[in-house]
$ cat final18.pdb   # PDB, C-alpha atoms and all ligand atoms
ATOM      1  CA  MET A   1       1.270 -21.070  16.687
ATOM      2  CA  TYR A   2       3.371 -17.934  16.406
ATOM      3  CA  TYR A   3       4.362 -16.153  13.215
ATOM      4  CA  ILE A   4       6.539 -13.119  12.548
ATOM      5  CA  GLY A   5       5.313 -10.476  10.105
ATOM      6  CA  ILE A   6       7.749  -7.822   8.866
ATOM      7  CA  ASP A   7       6.692  -4.736   6.934
ATOM      8  CA  LEU A   8       9.756  -3.246   5.251
ATOM      9  CA  GLY A   9       8.996   0.386   4.485
ATOM     10  CA  GLY A  10      11.110   3.208   3.091
ATOM     11  CA  THR A  11      11.097   4.924   6.513
ATOM     12  CA  ASN A  12      10.602   2.161   9.084
ATOM     13  CA  VAL A  13      10.894  -1.585   9.461
ATOM     14  CA  ALA A  14       7.817  -2.623  11.444
ATOM     15  CA  ALA A  15       7.424  -6.145  12.780
ATOM     16  CA  GLY A  16       5.082  -8.132  14.955
ATOM     17  CA  ILE A  17       4.444 -11.548  16.438
ATOM     18  CA  VAL A  18       1.110 -12.659  15.046
ATOM     19  CA  ASN A  19      -1.052 -15.645  15.921
ATOM     20  CA  GLU A  20      -3.000 -17.763  13.420
ATOM     21  CA  LYS A  21      -6.065 -15.563  13.855
ATOM     22  CA  GLY A  22      -4.063 -12.570  12.645
ATOM     23  CA  GLU A  23      -3.895 -10.894  16.064
ATOM     24  CA  ILE A  24      -0.712  -8.940  16.804
ATOM     25  CA  LEU A  25       0.703 -10.097  20.160
ATOM     26  CA  ALA A  26       3.806  -7.889  20.162
ATOM     27  CA  LYS A  27       5.006  -5.144  17.884
ATOM     28  CA  THR A  28       8.192  -3.150  17.335
ATOM     29  CA  SER A  29       9.828  -0.968  14.704
ATOM     30  CA  ALA A  30      13.170   0.616  13.814
ATOM     31  CA  PRO A  31      14.275   3.162  11.198
ATOM     32  CA  THR A  32      15.119   1.706   7.792
ATOM     33  CA  PRO A  33      18.865   2.130   7.120
ATOM     34  CA  LYS A  34      19.777   3.795   3.841
ATOM     35  CA  ASP A  35      23.225   2.237   3.433
ATOM     36  CA  GLY A  36      22.590  -0.982   1.603
ATOM     37  CA  ALA A  37      21.144  -4.474   1.841
ATOM     38  CA  GLU A  38      23.394  -5.741   4.640
ATOM     39  CA  ALA A  39      22.225  -2.962   6.990
ATOM     40  CA  VAL A  40      18.563  -3.503   6.086
ATOM     41  CA  ILE A  41      18.821  -7.248   6.729
ATOM     42  CA  ASP A  42      20.559  -6.521  10.066
ATOM     43  CA  VAL A  43      17.563  -4.418  11.133
ATOM     44  CA  MET A  44      15.051  -7.015   9.918
ATOM     45  CA  CYS A  45      16.863  -9.578  12.077
ATOM     46  CA  SER A  46      17.244  -7.300  15.104
ATOM     47  CA  VAL A  47      13.532  -6.380  15.209
ATOM     48  CA  SER A  48      12.666 -10.095  14.934
ATOM     49  CA  GLU A  49      15.093 -10.987  17.718
ATOM     50  CA  LYS A  50      13.698  -8.210  19.916
ATOM     51  CA  LEU A  51      10.181  -9.580  19.450
ATOM     52  CA  LEU A  52      11.323 -13.096  20.386
ATOM     53  CA  LYS A  53      13.017 -11.732  23.490
ATOM     54  CA  ASP A  54       9.997  -9.615  24.495
ATOM     55  CA  MET A  55       7.702 -12.633  24.127
ATOM     56  CA  LYS A  56      10.243 -15.028  25.754
ATOM     57  CA  LEU A  57      10.225 -17.198  22.625
ATOM     58  CA  SER A  58      12.956 -18.837  20.541
ATOM     59  CA  SER A  59      13.102 -19.183  16.753
ATOM     60  CA  LEU A  60      11.949 -22.796  17.208
ATOM     61  CA  ASP A  61       8.575 -21.479  18.429
ATOM     62  CA  ILE A  62       8.049 -19.597  15.152
ATOM     63  CA  ALA A  63       6.034 -21.514  12.554
ATOM     64  CA  GLY A  64       6.838 -19.048   9.790
ATOM     65  CA  LEU A  65       8.080 -15.569   8.976
ATOM     66  CA  GLY A  66       6.656 -13.323   6.275
ATOM     67  CA  ALA A  67       8.370 -10.230   4.932
ATOM     68  CA  GLY A  68       6.499  -7.619   2.896
ATOM     69  CA  CYS A  69       8.854  -5.544   0.742
ATOM     70  CA  PRO A  70       8.183  -2.740  -1.726
ATOM     71  CA  GLY A  71       9.325  -3.413  -5.272
ATOM     72  CA  ILE A  72       9.354  -6.586  -7.298
ATOM     73  CA  VAL A  73       9.858  -9.695  -5.224
ATOM     74  CA  ASP A  74       9.577 -13.322  -6.210
ATOM     75  CA  ASN A  75       8.240 -15.685  -3.584
ATOM     76  CA  ASN A  76       9.130 -18.642  -5.825
ATOM     77  CA  ASP A  77      12.792 -18.374  -4.880
ATOM     78  CA  GLY A  78      12.679 -15.599  -2.240
ATOM     79  CA  VAL A  79      14.780 -13.209  -4.333
ATOM     80  CA  ILE A  80      14.142  -9.462  -4.534
ATOM     81  CA  ARG A  81      14.179  -8.723  -8.259
ATOM     82  CA  HIS A  82      14.038  -4.940  -7.977
ATOM     83  CA  LEU A  83      14.301  -2.666  -4.941
ATOM     84  CA  SER A  84      17.024  -0.273  -5.908
ATOM     85  CA  ASN A  85      16.315   2.595  -3.474
ATOM     86  CA  LEU A  86      17.236   0.293  -0.554
ATOM     87  CA  GLY A  87      20.068  -1.412  -2.459
ATOM     88  CA  MET A  88      18.265  -4.752  -2.226
ATOM     89  CA  THR A  89      18.030  -5.713  -5.923
ATOM     90  CA  GLY A  90      19.165  -9.322  -6.434
ATOM     91  CA  VAL A  91      19.255 -10.190  -2.720
ATOM     92  CA  ASN A  92      17.990 -13.644  -1.756
ATOM     93  CA  LEU A  93      16.107 -12.374   1.274
ATOM     94  CA  ARG A  94      14.622 -15.772   2.139
ATOM     95  CA  LYS A  95      18.065 -17.378   2.351
ATOM     96  CA  GLU A  96      19.555 -14.480   4.343
ATOM     97  CA  LEU A  97      16.728 -14.346   6.906
ATOM     98  CA  SER A  98      16.474 -18.108   7.196
ATOM     99  CA  GLU A  99      20.219 -18.553   7.843
ATOM    100  CA  ARG A 100      20.463 -15.682  10.290
ATOM    101  CA  LEU A 101      17.286 -16.315  12.271
ATOM    102  CA  GLY A 102      17.127 -20.103  12.047
ATOM    103  CA  ILE A 103      13.538 -20.045  10.755
ATOM    104  CA  LYS A 104      12.815 -22.459   7.897
ATOM    105  CA  LYS A 105       9.497 -21.237   6.527
ATOM    106  CA  ILE A 106       9.953 -17.778   5.095
ATOM    107  CA  SER A 107       7.647 -16.001   2.685
ATOM    108  CA  ILE A 108       8.744 -12.929   0.727
ATOM    109  CA  GLU A 109       5.946 -10.864  -0.807
ATOM    110  CA  ASN A 110       5.319  -7.381  -2.128
ATOM    111  CA  ASP A 111       4.275  -4.971   0.675
ATOM    112  CA  ALA A 112       0.924  -4.070  -0.893
ATOM    113  CA  ASN A 113       0.154  -7.742  -1.612
ATOM    114  CA  CYS A 114       0.631  -8.421   2.113
ATOM    115  CA  ALA A 115      -1.683  -5.588   3.135
ATOM    116  CA  ALA A 116      -4.199  -6.866   0.582
ATOM    117  CA  MET A 117      -4.106 -10.313   2.147
ATOM    118  CA  ALA A 118      -4.746  -8.907   5.640
ATOM    119  CA  GLU A 119      -7.720  -6.770   4.542
ATOM    120  CA  TYR A 120      -9.067  -9.716   2.566
ATOM    121  CA  LYS A 121      -8.853 -12.203   5.447
ATOM    122  CA  PHE A 122     -10.555  -9.839   7.879
ATOM    123  CA  TYR A 123     -13.021  -8.003   5.685
ATOM    124  CA  GLY A 124     -13.073  -9.720   2.287
ATOM    125  CA  ASN A 125     -16.101 -11.917   3.069
ATOM    126  CA  ASN A 126     -14.406 -14.703   1.090
ATOM    127  CA  SER A 127     -15.119 -12.820  -2.134
ATOM    128  CA  LYS A 128     -13.754 -14.590  -5.202
ATOM    129  CA  SER A 129     -12.167 -11.400  -6.486
ATOM    130  CA  PHE A 130     -10.827  -8.647  -4.253
ATOM    131  CA  ILE A 131      -8.476  -5.762  -4.989
ATOM    132  CA  PHE A 132      -6.613  -3.642  -2.464
ATOM    133  CA  ILE A 133      -5.128  -0.291  -3.427
ATOM    134  CA  THR A 134      -2.772   1.677  -1.207
ATOM    135  CA  LEU A 135      -2.384   5.392  -1.822
ATOM    136  CA  GLY A 136       0.860   6.250  -0.049
ATOM    137  CA  THR A 137       4.337   7.395  -1.038
ATOM    138  CA  GLY A 138       3.635   5.320  -4.122
ATOM    139  CA  VAL A 139       0.516   3.527  -5.294
ATOM    140  CA  GLY A 140       0.620  -0.166  -4.498
ATOM    141  CA  GLY A 141      -1.886  -2.901  -4.957
ATOM    142  CA  GLY A 142      -2.809  -6.476  -4.361
ATOM    143  CA  ILE A 143      -5.144  -8.527  -6.518
ATOM    144  CA  ILE A 144      -6.667 -11.512  -4.750
ATOM    145  CA  LEU A 145      -8.373 -14.112  -6.904
ATOM    146  CA  ASP A 146      -9.851 -17.286  -5.352
ATOM    147  CA  SER A 147      -8.226 -16.403  -1.984
ATOM    148  CA  LYS A 148      -4.725 -16.170  -3.491
ATOM    149  CA  VAL A 149      -2.577 -13.144  -4.295
ATOM    150  CA  TYR A 150      -2.216 -12.905  -8.052
ATOM    151  CA  SER A 151       1.336 -11.884  -8.848
ATOM    152  CA  GLY A 152       1.820 -13.096 -12.400
ATOM    153  CA  PHE A 153       3.935 -16.000 -13.642
ATOM    154  CA  ASN A 154       7.135 -14.233 -12.582
ATOM    155  CA  GLY A 155       6.082 -12.640  -9.286
ATOM    156  CA  ALA A 156       5.962  -9.110 -10.716
ATOM    157  CA  GLY A 157       2.198  -8.770 -11.188
ATOM    158  CA  SER A 158      -0.312  -6.687  -9.223
ATOM    159  CA  GLU A 159       1.837  -3.523  -9.621
ATOM    160  CA  ILE A 160      -1.243  -1.412 -10.240
ATOM    161  CA  GLY A 161       0.558   1.848  -9.442
ATOM    162  CA  HIS A 162       2.237   1.395 -12.809
ATOM    163  CA  LEU A 163      -0.956   1.242 -14.797
ATOM    164  CA  ILE A 164      -0.305   3.860 -17.470
ATOM    165  CA  ILE A 165      -3.026   6.501 -17.507
ATOM    166  CA  GLU A 166      -1.302   9.179 -19.664
ATOM    167  CA  GLY A 167       0.508   8.011 -22.795
ATOM    168  CA  ASP A 168       3.216  10.652 -22.620
ATOM    169  CA  GLY A 169       2.673  11.784 -19.034
ATOM    170  CA  LEU A 170       4.830  12.403 -15.972
ATOM    171  CA  GLU A 171       8.020  10.387 -15.635
ATOM    172  CA  CYS A 172       7.843   7.518 -13.175
ATOM    173  CA  SER A 173      10.615   5.971 -11.074
ATOM    174  CA  CYS A 174       9.981   2.701 -12.950
ATOM    175  CA  GLY A 175      11.298   4.250 -16.161
ATOM    176  CA  CYS A 176       7.904   4.611 -17.894
ATOM    177  CA  LYS A 177       5.842   7.749 -18.366
ATOM    178  CA  GLY A 178       2.315   8.469 -17.185
ATOM    179  CA  CYS A 179       2.013   5.775 -14.485
ATOM    180  CA  TRP A 180      -1.019   6.086 -12.191
ATOM    181  CA  GLU A 181       1.341   6.441  -9.195
ATOM    182  CA  GLN A 182       2.515   9.807 -10.561
ATOM    183  CA  TYR A 183      -1.053  11.152 -10.284
ATOM    184  CA  ALA A 184      -2.728   9.268  -7.439
ATOM    185  CA  SER A 185      -0.040   8.821  -4.744
ATOM    186  CA  VAL A 186       0.340  11.109  -1.724
ATOM    187  CA  THR A 187       3.591  12.251  -3.333
ATOM    188  CA  ALA A 188       1.598  13.375  -6.390
ATOM    189  CA  LEU A 189      -0.987  15.116  -4.203
ATOM    190  CA  CYS A 190       1.819  17.018  -2.445
ATOM    191  CA  ASN A 191       3.244  18.076  -5.821
ATOM    192  CA  PHE A 192      -0.173  19.306  -7.021
ATOM    193  CA  THR A 193      -0.613  21.158  -3.708
ATOM    194  CA  LYS A 194       2.780  22.871  -3.972
ATOM    195  CA  GLU A 195       2.041  24.015  -7.542
ATOM    196  CA  ALA A 196      -1.343  25.425  -6.473
ATOM    197  CA  ILE A 197       0.240  27.252  -3.525
ATOM    198  CA  LEU A 198       2.691  29.016  -5.850
ATOM    199  CA  LYS A 199      -0.105  30.015  -8.236
ATOM    200  CA  ASN A 200      -2.524  31.105  -5.508
ATOM    201  CA  PRO A 201      -0.711  33.176  -2.858
ATOM    202  CA  ASP A 202      -4.035  34.058  -1.195
ATOM    203  CA  SER A 203      -5.113  30.450  -0.755
ATOM    204  CA  LEU A 204      -5.653  29.115   2.765
ATOM    205  CA  MET A 205      -3.059  26.490   1.893
ATOM    206  CA  ASN A 206      -0.294  29.090   2.409
ATOM    207  CA  LYS A 207      -1.490  29.737   5.953
ATOM    208  CA  TRP A 208      -1.808  25.992   6.535
ATOM    209  CA  VAL A 209       1.872  25.524   5.594
ATOM    210  CA  GLU A 210       2.926  28.403   7.888
ATOM    211  CA  GLU A 211       1.110  26.708  10.763
ATOM    212  CA  ASN A 212       1.985  23.076  10.011
ATOM    213  CA  GLY A 213       5.547  23.302   8.695
ATOM    214  CA  GLU A 214       5.440  21.628   5.311
ATOM    215  CA  VAL A 215       3.022  20.395   2.676
ATOM    216  CA  ASN A 216       1.683  16.912   3.266
ATOM    217  CA  GLY A 217      -1.300  14.906   2.051
ATOM    218  CA  ARG A 218      -3.670  16.651   4.469
ATOM    219  CA  CYS A 219      -2.995  20.262   3.393
ATOM    220  CA  ALA A 220      -5.298  20.469   0.345
ATOM    221  CA  PHE A 221      -7.999  18.279   1.942
ATOM    222  CA  ASP A 222      -8.091  20.358   5.165
ATOM    223  CA  CYS A 223      -8.304  23.650   3.265
ATOM    224  CA  ALA A 224     -10.861  22.349   0.734
ATOM    225  CA  LYS A 225     -13.117  21.359   3.645
ATOM    226  CA  LYS A 226     -12.880  24.961   4.876
ATOM    227  CA  GLY A 227     -14.106  26.189   1.471
ATOM    228  CA  ASP A 228     -10.802  27.242  -0.114
ATOM    229  CA  LYS A 229     -11.329  27.303  -3.873
ATOM    230  CA  ALA A 230      -7.756  26.527  -4.990
ATOM    231  CA  ALA A 231      -7.536  23.643  -2.497
ATOM    232  CA  LYS A 232     -10.866  22.270  -3.708
ATOM    233  CA  GLN A 233      -9.527  22.303  -7.283
ATOM    234  CA  VAL A 234      -6.465  20.306  -6.164
ATOM    235  CA  VAL A 235      -8.610  17.765  -4.317
ATOM    236  CA  ASP A 236     -11.089  17.436  -7.201
ATOM    237  CA  LEU A 237      -8.296  16.849  -9.720
ATOM    238  CA  TYR A 238      -6.544  14.377  -7.417
ATOM    239  CA  ILE A 239      -9.735  12.386  -6.813
ATOM    240  CA  LYS A 240     -10.431  12.433 -10.549
ATOM    241  CA  TYR A 241      -7.064  10.795 -11.180
ATOM    242  CA  ILE A 242      -7.723   8.146  -8.518
ATOM    243  CA  GLY A 243     -11.093   7.477 -10.145
ATOM    244  CA  VAL A 244      -9.593   7.106 -13.628
ATOM    245  CA  GLY A 245      -7.360   4.278 -12.402
ATOM    246  CA  ILE A 246     -10.074   2.583 -10.372
ATOM    247  CA  THR A 247     -12.536   2.696 -13.281
ATOM    248  CA  SER A 248      -9.977   0.986 -15.532
ATOM    249  CA  ILE A 249      -9.248  -1.632 -12.890
ATOM    250  CA  ILE A 250     -12.966  -2.351 -12.529
ATOM    251  CA  ASN A 251     -13.429  -2.617 -16.281
ATOM    252  CA  VAL A 252     -10.638  -5.167 -16.501
ATOM    253  CA  PHE A 253     -11.354  -7.262 -13.406
ATOM    254  CA  GLN A 254     -14.909  -6.484 -12.267
ATOM    255  CA  PRO A 255     -13.838  -7.488  -8.744
ATOM    256  CA  GLN A 256     -16.489  -7.983  -6.079
ATOM    257  CA  LYS A 257     -14.715  -5.547  -3.800
ATOM    258  CA  ILE A 258     -12.079  -2.803  -4.050
ATOM    259  CA  VAL A 259     -10.623  -1.550  -0.795
ATOM    260  CA  ILE A 260      -8.618   1.672  -0.582
ATOM    261  CA  GLY A 261      -5.878   1.980   2.041
ATOM    262  CA  GLY A 262      -2.807   4.136   2.665
ATOM    263  CA  GLY A 263      -2.575   7.563   4.305
ATOM    264  CA  ILE A 264      -5.204   9.272   2.137
ATOM    265  CA  SER A 265      -7.839   6.645   2.950
ATOM    266  CA  LYS A 266      -8.175   8.395   6.341
ATOM    267  CA  GLU A 267     -10.207  11.056   4.467
ATOM    268  CA  GLY A 268     -13.063   8.511   4.539
ATOM    269  CA  ASP A 269     -16.326   9.561   2.880
ATOM    270  CA  TYR A 270     -14.869  12.878   1.736
ATOM    271  CA  LEU A 271     -12.746  10.776  -0.628
ATOM    272  CA  LEU A 272     -15.082   7.846  -1.147
ATOM    273  CA  ASN A 273     -18.321   9.625  -2.097
ATOM    274  CA  PRO A 274     -17.013  11.599  -5.100
ATOM    275  CA  LEU A 275     -14.997   8.558  -6.154
ATOM    276  CA  LYS A 276     -18.102   6.371  -6.159
ATOM    277  CA  GLU A 277     -19.992   8.973  -8.159
ATOM    278  CA  GLN A 278     -17.255   9.050 -10.803
ATOM    279  CA  VAL A 279     -16.534   5.336 -10.939
ATOM    280  CA  TYR A 280     -20.166   4.207 -10.990
ATOM    281  CA  SER A 281     -20.991   6.663 -13.768
ATOM    282  CA  CYS A 282     -18.919   4.553 -16.177
ATOM    283  CA  LYS A 283     -21.425   2.914 -18.509
ATOM    284  CA  TYR A 284     -20.154  -0.635 -18.035
ATOM    285  CA  ASN A 285     -21.290  -0.430 -14.436
ATOM    286  CA  ASN A 286     -24.863   0.262 -15.492
ATOM    287  CA  TYR A 287     -25.354  -3.158 -17.029
ATOM    288  CA  VAL A 288     -24.064  -5.358 -14.221
ATOM    289  CA  GLU A 289     -24.000  -5.698 -10.441
ATOM    290  CA  LYS A 290     -21.639  -3.009  -9.083
ATOM    291  CA  CYS A 291     -18.262  -3.671  -7.480
ATOM    292  CA  SER A 292     -18.279  -2.515  -3.873
ATOM    293  CA  LEU A 293     -15.844   0.345  -3.198
ATOM    294  CA  GLU A 294     -14.709   0.706   0.417
ATOM    295  CA  ILE A 295     -12.115   2.262   2.707
ATOM    296  CA  ALA A 296      -9.595  -0.144   4.301
ATOM    297  CA  LYS A 297      -9.988  -0.910   7.975
ATOM    298  CA  LEU A 298      -6.635  -2.178   9.280
ATOM    299  CA  PHE A 299      -4.492   0.858   8.404
ATOM    300  CA  ASN A 300      -0.870   0.578   9.578
ATOM    301  CA  ASP A 301      -1.104  -2.971  10.926
ATOM    302  CA  ALA A 302      -2.171  -4.474   7.600
ATOM    303  CA  GLY A 303       1.438  -4.896   6.399
ATOM    304  CA  ILE A 304       2.564  -6.850   9.467
ATOM    305  CA  ILE A 305      -0.551  -9.028   9.695
ATOM    306  CA  GLY A 306      -0.614  -9.711   5.959
ATOM    307  CA  ALA A 307       3.075 -10.652   5.863
ATOM    308  CA  ALA A 308       2.411 -13.165   8.637
ATOM    309  CA  PHE A 309      -0.665 -14.516   6.798
ATOM    310  CA  CYS A 310       1.474 -15.041   3.698
ATOM    311  CA  ALA A 311       3.767 -17.268   5.780
ATOM    312  CA  MET A 312       0.885 -19.412   7.097
TER
HETATM  313  C1  LIG A 401       5.732   1.424  -5.831
HETATM  314  C2  LIG A 401       6.462   0.083  -5.864
HETATM  315  C3  LIG A 401       5.499  -0.996  -5.338
HETATM  316  C4  LIG A 401       4.931  -0.638  -3.975
HETATM  317  C5  LIG A 401       4.239   0.714  -4.060
HETATM  318  C6  LIG A 401       3.676   1.188  -2.732
HETATM  319  C7  LIG A 401       8.906   0.055  -5.567
HETATM  320  C8  LIG A 401      10.044   0.297  -4.633
HETATM  321  N1  LIG A 401       7.679   0.197  -5.064
HETATM  322  O1  LIG A 401       4.772   1.443  -6.821
HETATM  323  O2  LIG A 401       6.156  -2.238  -5.280
HETATM  324  O3  LIG A 401       4.024  -1.634  -3.567
HETATM  325  O4  LIG A 401       5.170   1.690  -4.550
HETATM  326  O5  LIG A 401       4.722   1.460  -1.869
HETATM  327  O6  LIG A 401       9.113  -0.258  -6.720
HETATM  328  P1  LIG A 401       4.630   2.485  -0.633
HETATM  329  O7  LIG A 401       6.046   2.782  -0.330
HETATM  330  O8  LIG A 401       3.854   3.673  -1.047
HETATM  331  O9  LIG A 401       3.927   1.725   0.436
HETATM  332 ZN    ZN A 402       5.775   3.492 -13.140
END
$ encode --input "final18.pdb" --output "structure tokens" --more "lines below"
Ligand code: BMX
Ligand code: ZN
Amino acid sequence: MYYIGIDLGGTNVAAGIVNEKGEILAKTSAPTPKDGAEAVIDVMCSVSEKLLKDMKLSSLDIAGLGAGCPGIVDNNDGVIRHLSNLGMTGVNLRKELSERLGIKKISIENDANCAAMAEYKFYGNNSKSFIFITLGTGVGGGIILDSKVYSGFNGAGSEIGHLIIEGDGLECSCGCKGCWEQYASVTALCNFTKEAILKNPDSLMNKWVEENGEVNGRCAFDCAKKGDKAAKQVVDLYIKYIGVGITSIINVFQPQKIVIGGGISKEGDYLLNPLKEQVYSCKYNNYVEKCSLEIAKLFNDAGIIGAAFCAM
């Protein structure tokens, strides 16, 4: 059986042909157009058609297609409820893709929910409660309870990036203030790094930017590892914010496993060890068996594989 998994990102549309074991048999990607829904759907169809051609398949060979999209999507009717930065709000993506590609079974899920599903199927050990967190441009998440993505009665649940951690904090793109995403995403880390660079002209981070072009999520981490004090302060604060959100999530769900993905997860133990120290120091964790905190393993392929799993 062949499935198509599409990971619609703000920068690229990545897609793959996936078998029922979750192995990617062919993969392709194309830049995400910024001029409205029609153009985005065109690209989603053209990457799918390219994969079919590369694999010498027709749409009749495809048992299902899954599309992972950022924003609020409702798999009940296949409609994107909110994805304004790509002009996709209100689009019935299931209907559009099904009509254009001739594939009947189409699943539309949130991008982070898809990645959560992939990590869960491969590394979740069938745990009854499993939470995936992606620290990327935004903070996304997927809550898996009894092997199913929990997305609320209306499809909008599991948006853990919008957990409010500061009552009157930084403004978020969702319209609220103080959302976790504004403190724990790579975008937030870059903002903290830029502020620290301005305040600390002697910091190694300035040299790092001269050598590497522009601030990204690695700047503060790289310089902190070399002993730079200002960079270490940025990293410590950033990890503290990640820990605040994770501690709250644990206190609410007490999931068996939390897996951290997204660009920053590549920092591995340098991120994980201080996080564990902070999270496990919360008193509630002293009385019960501890939730296991881990780094994700599938990285960039999780979106494609998980989207395909959602269509199975
Ligand atoms: C935002 C939100 C989530 C998404 C998350 C991670 C939008 C457009 N996106 O919180 O739905 O899962 O970002 O997205 O509302 P990424 O772009 O960082 O992968
Ligand atoms: Zn928000």
$ atom_distance --input "final18.pdb" --atom1 "atom CA of A:Pro31" --atom2 "atom CA of A:Ile304"
15.5 Å
$ residues_near_ligand --input "final18.pdb" --ligand "ligand ZN 402 (chain A)" --cutoff "12 Å" --atoms "all atoms listed in the file" --output "PyMOL selection string"
chain A and resi 71+138-140+159-167+169-185
$ write_last_selection --input "final18.pdb" --atoms "C-alpha atoms" --output "PDB file, keeping the file's coordinate frame"
ATOM      1  CA  GLY A  71       9.325  -3.413  -5.272  1.00  0.00           C
ATOM      2  CA  GLY A 138       3.635   5.320  -4.122  1.00  0.00           C
ATOM      3  CA  VAL A 139       0.516   3.527  -5.294  1.00  0.00           C
ATOM      4  CA  GLY A 140       0.620  -0.166  -4.498  1.00  0.00           C
ATOM      5  CA  GLU A 159       1.837  -3.523  -9.621  1.00  0.00           C
ATOM      6  CA  ILE A 160      -1.243  -1.412 -10.240  1.00  0.00           C
ATOM      7  CA  GLY A 161       0.558   1.848  -9.442  1.00  0.00           C
ATOM      8  CA  HIS A 162       2.237   1.395 -12.809  1.00  0.00           C
ATOM      9  CA  LEU A 163      -0.956   1.242 -14.797  1.00  0.00           C
ATOM     10  CA  ILE A 164      -0.305   3.860 -17.470  1.00  0.00           C
ATOM     11  CA  ILE A 165      -3.026   6.501 -17.507  1.00  0.00           C
ATOM     12  CA  GLU A 166      -1.302   9.179 -19.664  1.00  0.00           C
ATOM     13  CA  GLY A 167       0.508   8.011 -22.795  1.00  0.00           C
ATOM     14  CA  GLY A 169       2.673  11.784 -19.034  1.00  0.00           C
ATOM     15  CA  LEU A 170       4.830  12.403 -15.972  1.00  0.00           C
ATOM     16  CA  GLU A 171       8.020  10.387 -15.635  1.00  0.00           C
ATOM     17  CA  CYS A 172       7.843   7.518 -13.175  1.00  0.00           C
ATOM     18  CA  SER A 173      10.615   5.971 -11.074  1.00  0.00           C
ATOM     19  CA  CYS A 174       9.981   2.701 -12.950  1.00  0.00           C
ATOM     20  CA  GLY A 175      11.298   4.250 -16.161  1.00  0.00           C
ATOM     21  CA  CYS A 176       7.904   4.611 -17.894  1.00  0.00           C
ATOM     22  CA  LYS A 177       5.842   7.749 -18.366  1.00  0.00           C
ATOM     23  CA  GLY A 178       2.315   8.469 -17.185  1.00  0.00           C
ATOM     24  CA  CYS A 179       2.013   5.775 -14.485  1.00  0.00           C
ATOM     25  CA  TRP A 180      -1.019   6.086 -12.191  1.00  0.00           C
ATOM     26  CA  GLU A 181       1.341   6.441  -9.195  1.00  0.00           C
ATOM     27  CA  GLN A 182       2.515   9.807 -10.561  1.00  0.00           C
ATOM     28  CA  TYR A 183      -1.053  11.152 -10.284  1.00  0.00           C
ATOM     29  CA  ALA A 184      -2.728   9.268  -7.439  1.00  0.00           C
ATOM     30  CA  SER A 185      -0.040   8.821  -4.744  1.00  0.00           C
TER      31      SER A 185
END
$ atom_distance --input "final18.pdb" --atom1 "atom CA of A:Ala14" --atom2 "atom CA of A:Thr28"
5.9 Å
$ closest_residue --input "final18.pdb" --among "A:Ile305, A:Leu298, A:Met205, A:Val234" --to "A:Ser265" --atoms "only C-alpha atoms"
A:Leu298
$ resolve_selection --input "final18.pdb" --expression "the PyMOL selection byres (((chain A and resi 278-292) around 8) and not hetatm)" --output "PyMOL selection string"
chain A and resi 240+243-244+246-247+250-251+254-258+274-277+293-294
$ atom_distance --input "final18.pdb" --atom1 "atom CA of A:Cys190" --atom2 "atom CA of A:Glu267"
15.1 Å
$ axis_aligned_box --input "final18.pdb" --around "ligand LIG 401 (chain A)" --padding-each-side "4 Å" --output "AutoDock Vina command-line options"
--center_x 6.9 --center_y 0.7 --center_z -3.2 --size_x 14.4 --size_y 13.9 --size_z 15.3
$ residues_near_point --input "final18.pdb" --point "(0.6, -8.1, 2.1)" --cutoff "10 Å" --atoms "all atoms listed in the file" --output "number ranges by chain"
A: 5-7, 66-69, 108-120, 132, 141-142, 149, 302-310
$ closest_residue --input "final18.pdb" --among "A:Asn12, A:Ser48, A:Ser107, A:Asn75" --to "ligand LIG 401 (chain A)" --atoms "all atoms listed in the file"
A:Asn12
$ residues_around --input "final18.pdb" --residues "stretch 33-43 of chain A" --least-positions-apart "4" --cutoff "7 Å" --atoms "only C-alpha atoms" --output "PDB file with C-alpha atoms, keeping the file's coordinate frame"
ATOM      1  CA  VAL A  47      13.532  -6.380  15.209  1.00  0.00           C
ATOM      2  CA  LEU A  86      17.236   0.293  -0.554  1.00  0.00           C
ATOM      3  CA  GLY A  87      20.068  -1.412  -2.459  1.00  0.00           C
ATOM      4  CA  MET A  88      18.265  -4.752  -2.226  1.00  0.00           C
TER       5      MET A  88
END
$ residues_around --input "final18.pdb" --residues "A:Gly155" --least-positions-apart "2" --cutoff "9 Å" --atoms "only C-alpha atoms" --output "MDAnalysis selection string"
chainID A and resid 72:76 109:110 150:153 157:158
$ resolve_selection --input "final18.pdb" --expression "the PyMOL selection byres (((chain A and resi 215) around 9) and not hetatm)" --output "list in words"
Cys190, Asn191, Thr193, Lys194, Met205, Trp208, Val209, Asn212, Gly213, Glu214, Asn216, Gly217, Arg218, Cys219 and Ala220 of chain A
$ closest_atom_pairs --input "final18.pdb" --of "stretch 42-94 of chain A" --to "stretch 18-25 of chain A" --cutoff "10 Å" --atoms "all atoms listed in the file" --output "CSV"
residue,atom,partner,partner_atom,distance
A:Leu51,CA,A:Leu25,CA,9.5
A:Met55,CA,A:Leu25,CA,8.4
A:Ile62,CA,A:Val18,CA,9.8
A:Ala63,CA,A:Asn19,CA,9.8
A:Leu65,CA,A:Val18,CA,9.7
$ closest_residue --input "final18.pdb" --among "A:Ile242, A:Leu52, A:Leu145, A:Ala156" --to "ligand LIG 401 (chain A)" --atoms "only C-alpha atoms and all ligand atoms"
A:Ala156
$ closest_residue --input "final18.pdb" --among "A:Met1, A:Ile17, A:Leu189, A:Ile264" --to "A:Ala296" --atoms "all atoms listed in the file"
A:Ile264
$ closest_residue --input "final18.pdb" --among "A:Pro70, A:Ser147, A:Ile4, A:Cys45" --to "A:Ala26" --atoms "all atoms listed in the file"
A:Ile4
